[in-house]
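S.K.: Got a structure for you, questions after.
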There are 2 protein chains.
Amino acid sequence: MDLFDTIDSRRSVKHYDANASLPETDFQRIMEAAIKAPTSFNIQHWRFVRVRDGALRQQIRAAAWNQAQVTDASELLVIVGDARAWARQPERYWRHADAATRDALVPMLQDFYRDRDWLQRDEAIRSGAMAAQNIMLSAKALGYDSNPMIGFDIDEVGRLLKLPEDHVIVMMLAIGTATSPAWPRSGQLALDELVVADHF
Amino acid sequence: MDLFDTIDSRRSVKHYDANASLPETDFQRIMEAAIKAPTSFNIQHWRFVRVRDGALRQQIRAAAWNQAQVTDASELLVIVGDARAWARQPERYWRHADAATRDALVPMLQDFYRDRDWLQRDEAIRSGAMAAQNIMLSAKALGYDSNPMIGFDIDEVGRLLKLPEDHVIVMMLAIGTATSPAWPRSGQLALDELVVADHF
C-alpha cells in the first residue's frame with residue numbers, strides 16, 4: 001500500500017469485530033516494522049506488552065472507562081518504554097559497529113542521559129511513539145485498523161502489567177478488524193497555524 | 001512508494017548536499033502527512049519550527065556539537081509540543097463534531113490533563129514523535145533522507161527559538177538529499193526480547 005494513502009486512511013477506530021483474528025504472520029510483520037523506527041543512540045527503549053489473556057483484558061478494560069475495543073480488538077498492545085535502557089549494557093546497541101565508533105558513542109550516550117530523569121522519560125515516550133506510528137501504518141497497510149489510547153487509569157494498568165518502576169507507559173494500542181468507521185476528522189488546525197518561521 | 005519499503009529504507013542519514021533544495025510542494029506534502037498522525041483527544045500539540053535563516057542555523061549547529069547536517073540539510077525542523085494545548089480553547093479541536101460529542105469530550109479532556117504536569121509533557125512529546133515518524137517516512141517516499149536528532153544543547157536551542165515556557169522540544173529533524181548513506185544497523189535487539197506476553 002502506498003505510503004501517503006496509508007497515512008491518509010489511518011484513522012482511530014473504536015469498534016472491532018470480537019470474532020476476527022489477526023494471523024501471526026501479520027502480527028510479526030507489523031512488529032518488525034515497529035522496531036525499524038529510529039531511537040536516540042539506537043537505545044531501543046520500546047517494550048511491547050501483548051495482552052492475550054482474556055481475564056487480563058477485562059481488567060484492563062475496567063481500568064479504561066470500559067471501552068469495548070480493549071477486549072474486542074484482535075490484538076491489544078501496551079507500548080511501554082524502559083527509561084533506563086540507556087544504562088543497560090549499552091554496548092549491545094552498537095555491537096555491530098566498529099570498535100572506535102562504539103567506544104566513542106557509549107560513553108557519550110551515558111553522559112547525555114545520566115542524572116537527567118526528565119530526558120530519560122522523554123526518550124522512552126519518544127521512542128515508543130515513533131514505533132506506535134509504524135505499527136498503526138503497518139496494520140492499515142495489511143487491512144486492519146487501530147486505536148491509540150491514553151485515556152485510561154495509567155497507574156492501574158501499570159499495576160496490572162506488573163510494570164517495572166523504571167518503565168513508563170507510552171500508550172495502549174488496539175488493532176483489529178473494524179465494524180464501524182472512524183468519526184470524521186473533528187477539527188484539524190491549519191498548517192499555517194502550526195508551522196513557525198525560524199522562531200517564536 | 002510502498003509503506004513497508006518506505007519503513008525499511010528510512011534510515012538516519014548524517015550527510016547532506018548543502019546545494020540541494022527541496023521544492024515547496026514537497027515540503028507541503030510532507031507536512032500535510034505529518035499532521036495526519038493521531039493525537040490524544042485530537043489536541044494536536046505539535047508545532048514545527050522551520051529554520052531557514054542561515055545565521056540561526058549556524059547558531060543551532062554550534063549548540064548541536066557542530067553537526068554538519070544542521071546547516072547542510074535542505075530543511076531543518078525543530079518539532080516542539082505545546083504542553084498546554086489541552087487548555088487553549090479545546091472546543092476548536094472538536095468544532096466539526098456534533099454538539100453532544102463536543103460537550104462531553106471537552107470537559108473530559110480538561111479533567112484528564114489538569115494538574116498533571118507529567119502527562120501534559122508526555123503528551124507533547126508523544127504527539128510530536130508520531131508526527132515526526134510521518135515526516136521521516138513521507139520524506140523518504142519523496143526521495144529525501146532525514147536525521148532525527150536530540151543530541152544537542154536542548155536548553156540553548158530553546159533559547160535560540162524563543163521557545164515559550166510551556167512548550168517542549170520533541171526533536172530536531174534534518175531533511176534533505178543524502179551525500180552518503182546511513183551507517184549499517186548497529187545492533188538491533190531481537191523481537192522476542194522486546195515483546196512481553198501479558199505482563200512483566
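Simple scheme: letters A, B, ... for chains in C-alpha cells order, numbers from 1 for residues in each chain, numbers from 1 for ligands in the order shown.
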Quick one: which residues from chain A are at most 6 Å off chain B, using only C-alpha atoms, as a ChimeraX atom specification?

M.R.: /A:1-3,47-51,93-97,126,129-130,133,161-162,186-187,194-200

S.K.: Least-squares align chain B to chain A using all Cα atoms paired by position, then dump the moved coordinates as a short mmCIF file (atom, residue, chain, number, x, y, z; two decimals) with C-alpha atoms, in the first residue's frame.

M.R.:
data_model
loop_
_atom_site.label_atom_id
_atom_site.label_comp_id
_atom_site.auth_asym_id
_atom_site.auth_seq_id
_atom_site.Cartn_x
_atom_site.Cartn_y
_atom_site.Cartn_z
CA MET B 1 0.00 0.00 0.00
CA ASP B 2 1.26 3.44 -0.90
CA LEU B 3 2.76 5.41 2.00
CA PHE B 4 0.65 8.54 1.51
CA ASP B 5 -2.54 6.51 1.02
CA THR B 6 -1.75 4.63 4.21
CA ILE B 7 -1.18 7.83 6.17
CA ASP B 8 -4.41 9.31 4.77
CA SER B 9 -6.54 6.31 5.55
CA ARG B 10 -5.20 5.49 9.03
CA ARG B 11 -7.80 6.73 11.47
CA SER B 12 -8.53 5.93 15.11
CA VAL B 13 -11.22 3.29 15.03
CA LYS B 14 -13.19 2.43 18.18
CA HIS B 15 -15.30 -0.59 17.16
CA TYR B 16 -13.87 -4.02 16.41
CA ASP B 17 -15.13 -7.45 15.45
CA ALA B 18 -14.52 -9.58 18.53
CA ASN B 19 -14.61 -12.73 16.36
CA ALA B 20 -11.99 -11.60 13.87
CA SER B 21 -8.41 -12.72 14.21
CA LEU B 22 -5.09 -11.38 13.07
CA PRO B 23 -2.77 -14.09 11.73
CA GLU B 24 0.57 -14.45 13.45
CA THR B 25 2.44 -13.70 10.21
CA ASP B 26 0.71 -10.32 10.05
CA PHE B 27 1.49 -9.63 13.69
CA GLN B 28 5.16 -10.41 13.13
CA ARG B 29 5.27 -8.21 10.05
CA ILE B 30 3.74 -5.32 11.97
CA MET B 31 6.20 -5.72 14.83
CA GLU B 32 9.22 -5.99 12.53
CA ALA B 33 8.11 -2.66 11.06
CA ALA B 34 7.63 -1.20 14.54
CA ILE B 35 11.23 -1.67 15.51
CA LYS B 36 12.55 -0.04 12.35
CA ALA B 37 11.62 3.34 13.77
CA PRO B 38 14.63 5.31 14.96
CA THR B 39 15.69 5.72 18.57
CA SER B 40 18.20 8.09 20.06
CA PHE B 41 21.65 6.47 20.10
CA ASN B 42 19.87 3.28 18.96
CA ILE B 43 18.81 2.65 22.54
CA GLN B 44 15.54 0.92 21.52
CA HIS B 45 13.67 1.83 24.69
CA TRP B 46 10.47 0.18 23.47
CA ARG B 47 8.88 -2.89 25.00
CA PHE B 48 5.55 -4.22 23.75
CA VAL B 49 3.22 -5.97 26.15
CA ARG B 50 0.97 -8.18 24.05
CA VAL B 51 -2.14 -8.88 26.07
CA ARG B 52 -3.89 -12.07 25.03
CA ASP B 53 -5.17 -13.32 28.35
CA GLY B 54 -8.93 -12.70 28.35
CA ALA B 55 -9.23 -12.07 32.07
CA LEU B 56 -6.41 -9.53 31.96
CA ARG B 57 -8.07 -7.81 29.01
CA GLN B 58 -11.24 -7.49 31.06
CA GLN B 59 -9.31 -5.99 33.97
CA ILE B 60 -7.63 -3.50 31.65
CA ARG B 61 -10.99 -2.63 30.11
CA ALA B 62 -12.34 -1.87 33.56
CA ALA B 63 -9.37 0.48 34.06
CA ALA B 64 -10.08 2.10 30.66
CA TRP B 65 -13.52 3.58 31.16
CA ASN B 66 -14.98 0.28 29.93
CA GLN B 67 -14.04 0.95 26.31
CA ALA B 68 -15.04 -2.10 24.26
CA GLN B 69 -12.06 -2.03 21.90
CA VAL B 70 -9.83 -3.19 24.78
CA THR B 71 -11.45 -6.62 24.74
CA ASP B 72 -12.85 -6.72 21.18
CA ALA B 73 -9.75 -5.90 19.14
CA SER B 74 -7.75 -8.85 17.83
CA GLU B 75 -4.60 -7.54 19.46
CA LEU B 76 -4.05 -5.29 22.44
CA LEU B 77 -0.54 -3.91 22.80
CA VAL B 78 0.58 -1.80 25.68
CA ILE B 79 3.62 0.03 24.44
CA VAL B 80 5.99 0.85 27.25
CA GLY B 81 9.40 2.43 27.37
CA ASP B 82 12.35 1.47 29.53
CA ALA B 83 13.57 4.82 30.81
CA ARG B 84 16.79 3.14 31.97
CA ALA B 85 17.54 1.36 28.71
CA TRP B 86 20.47 3.75 28.18
CA ALA B 87 22.17 2.23 31.23
CA ARG B 88 21.56 -1.44 30.48
CA GLN B 89 24.65 -2.73 28.68
CA PRO B 90 24.55 0.01 26.04
CA GLU B 91 27.46 -1.66 24.23
CA ARG B 92 24.97 -4.09 22.72
CA TYR B 93 23.17 -1.29 20.87
CA TRP B 94 26.42 -0.72 18.97
CA ARG B 95 27.77 -4.25 18.85
CA HIS B 96 27.91 -4.36 15.03
CA ALA B 97 29.67 -1.00 14.78
CA ASP B 98 33.42 -0.74 14.57
CA ALA B 99 35.18 -0.55 17.92
CA ALA B 100 36.21 3.10 17.55
CA THR B 101 32.61 4.20 16.93
CA ARG B 102 31.32 2.09 19.79
CA ASP B 103 33.97 3.31 22.18
CA ALA B 104 33.12 6.91 21.35
CA LEU B 105 29.34 6.62 21.41
CA VAL B 106 28.75 4.53 24.51
CA PRO B 107 30.31 6.98 26.99
CA MET B 108 28.72 9.85 25.07
CA LEU B 109 25.21 8.46 25.48
CA GLN B 110 25.81 7.65 29.13
CA ASP B 111 26.94 11.22 29.80
CA PHE B 112 23.92 12.54 27.91
CA TYR B 113 21.29 10.65 29.95
CA ARG B 114 22.91 10.26 33.37
CA ASP B 115 21.12 12.28 36.08
CA ARG B 116 18.56 13.68 33.65
CA ASP B 117 15.37 11.92 34.69
CA TRP B 118 13.18 14.13 32.51
CA LEU B 119 15.21 13.29 29.42
CA GLN B 120 15.20 9.58 30.20
CA ARG B 121 11.41 9.70 30.41
CA ASP B 122 11.04 11.86 27.29
CA GLU B 123 13.17 9.38 25.38
CA ALA B 124 11.10 6.39 26.43
CA ILE B 125 7.92 8.16 25.33
CA ARG B 126 9.50 9.42 22.11
CA SER B 127 10.82 6.02 21.02
CA GLY B 128 7.57 4.25 21.83
CA ALA B 129 5.50 6.83 19.98
CA MET B 130 7.56 6.54 16.79
CA ALA B 131 7.22 2.74 16.92
CA ALA B 132 3.48 3.17 17.51
CA GLN B 133 3.14 5.20 14.33
CA ASN B 134 4.88 2.45 12.35
CA ILE B 135 2.57 -0.12 13.93
CA MET B 136 -0.59 1.81 13.08
CA LEU B 137 0.53 2.38 9.49
CA SER B 138 1.62 -1.24 9.03
CA ALA B 139 -1.66 -2.51 10.41
CA LYS B 140 -3.55 -0.26 8.00
CA ALA B 141 -1.46 -1.44 5.05
CA LEU B 142 -2.39 -5.03 5.93
CA GLY B 143 -6.09 -4.22 6.11
CA TYR B 144 -6.55 -3.67 9.84
CA ASP B 145 -7.46 -0.64 11.88
CA SER B 146 -6.10 0.59 15.16
CA ASN B 147 -6.85 2.80 18.10
CA PRO B 148 -4.11 4.53 20.06
CA MET B 149 -5.28 5.12 23.65
CA ILE B 150 -4.02 7.00 26.65
CA GLY B 151 -7.42 7.70 28.21
CA PHE B 152 -7.30 5.13 30.97
CA ASP B 153 -6.09 4.75 34.53
CA ILE B 154 -2.41 4.67 33.72
CA ASP B 155 -1.29 3.70 37.21
CA GLU B 156 -3.79 0.87 37.43
CA VAL B 157 -2.82 -0.55 34.03
CA GLY B 158 0.81 -0.37 35.15
CA ARG B 159 -0.09 -2.44 38.23
CA LEU B 160 -1.98 -4.99 36.13
CA LEU B 161 1.07 -5.39 33.87
CA LYS B 162 3.50 -5.56 36.81
CA LEU B 163 5.31 -2.72 35.09
CA PRO B 164 8.84 -2.24 36.44
CA GLU B 165 9.37 1.03 38.33
CA ASP B 166 11.70 2.44 35.70
CA HIS B 167 9.40 1.74 32.76
CA VAL B 168 6.74 4.17 31.54
CA ILE B 169 3.52 3.54 29.66
CA VAL B 170 3.63 5.15 26.22
CA MET B 171 0.17 4.19 25.03
CA MET B 172 -2.22 1.31 24.56
CA LEU B 173 -2.93 0.21 21.02
CA ALA B 174 -5.93 -1.85 19.91
CA ILE B 175 -5.54 -3.48 16.50
CA GLY B 176 -8.17 -5.43 14.63
CA THR B 177 -10.97 -5.59 12.11
CA ALA B 178 -13.26 -2.56 12.23
CA THR B 179 -17.02 -2.97 12.46
CA SER B 180 -17.73 0.73 12.00
CA PRO B 181 -15.60 3.53 10.60
CA ALA B 182 -13.80 6.26 12.49
CA TRP B 183 -15.53 9.53 13.29
CA PRO B 184 -14.98 12.21 10.65
CA ARG B 185 -11.98 14.44 11.43
CA SER B 186 -13.26 16.67 14.19
CA GLY B 187 -11.32 19.91 13.84
CA GLN B 188 -7.87 19.94 12.32
CA LEU B 189 -5.75 23.04 12.83
CA ALA B 190 -4.42 24.61 9.64
CA LEU B 191 -0.78 24.07 8.76
CA ASP B 192 -0.04 27.78 8.77
CA GLU B 193 -1.06 27.88 12.42
CA LEU B 194 1.33 25.04 13.20
CA VAL B 195 4.46 25.93 11.22
CA VAL B 196 6.56 28.65 12.85
CA ALA B 197 9.10 30.50 10.71
CA ASP B 198 12.55 30.47 12.36
CA HIS B 199 11.46 31.21 15.91
CA PHE B 200 8.49 32.05 18.11
#

S.K.: From the DSSP assignment of the backbone, select every residue of chain A that is strand (DSSP E or B), and format the answer as a PyMOL selection string.

M.R.: chain A and resi 2+12+16+46-51+75-82+145-149+167-176+178+195-197

S.K.: Among the residues of segment 81-110 of chain B, find those DSSP assigns to helix (DSSP H, G or I) from the backbone and print them as a PyMOL selection string.

M.R.: chain B and resi 85-87+90-94+99-110
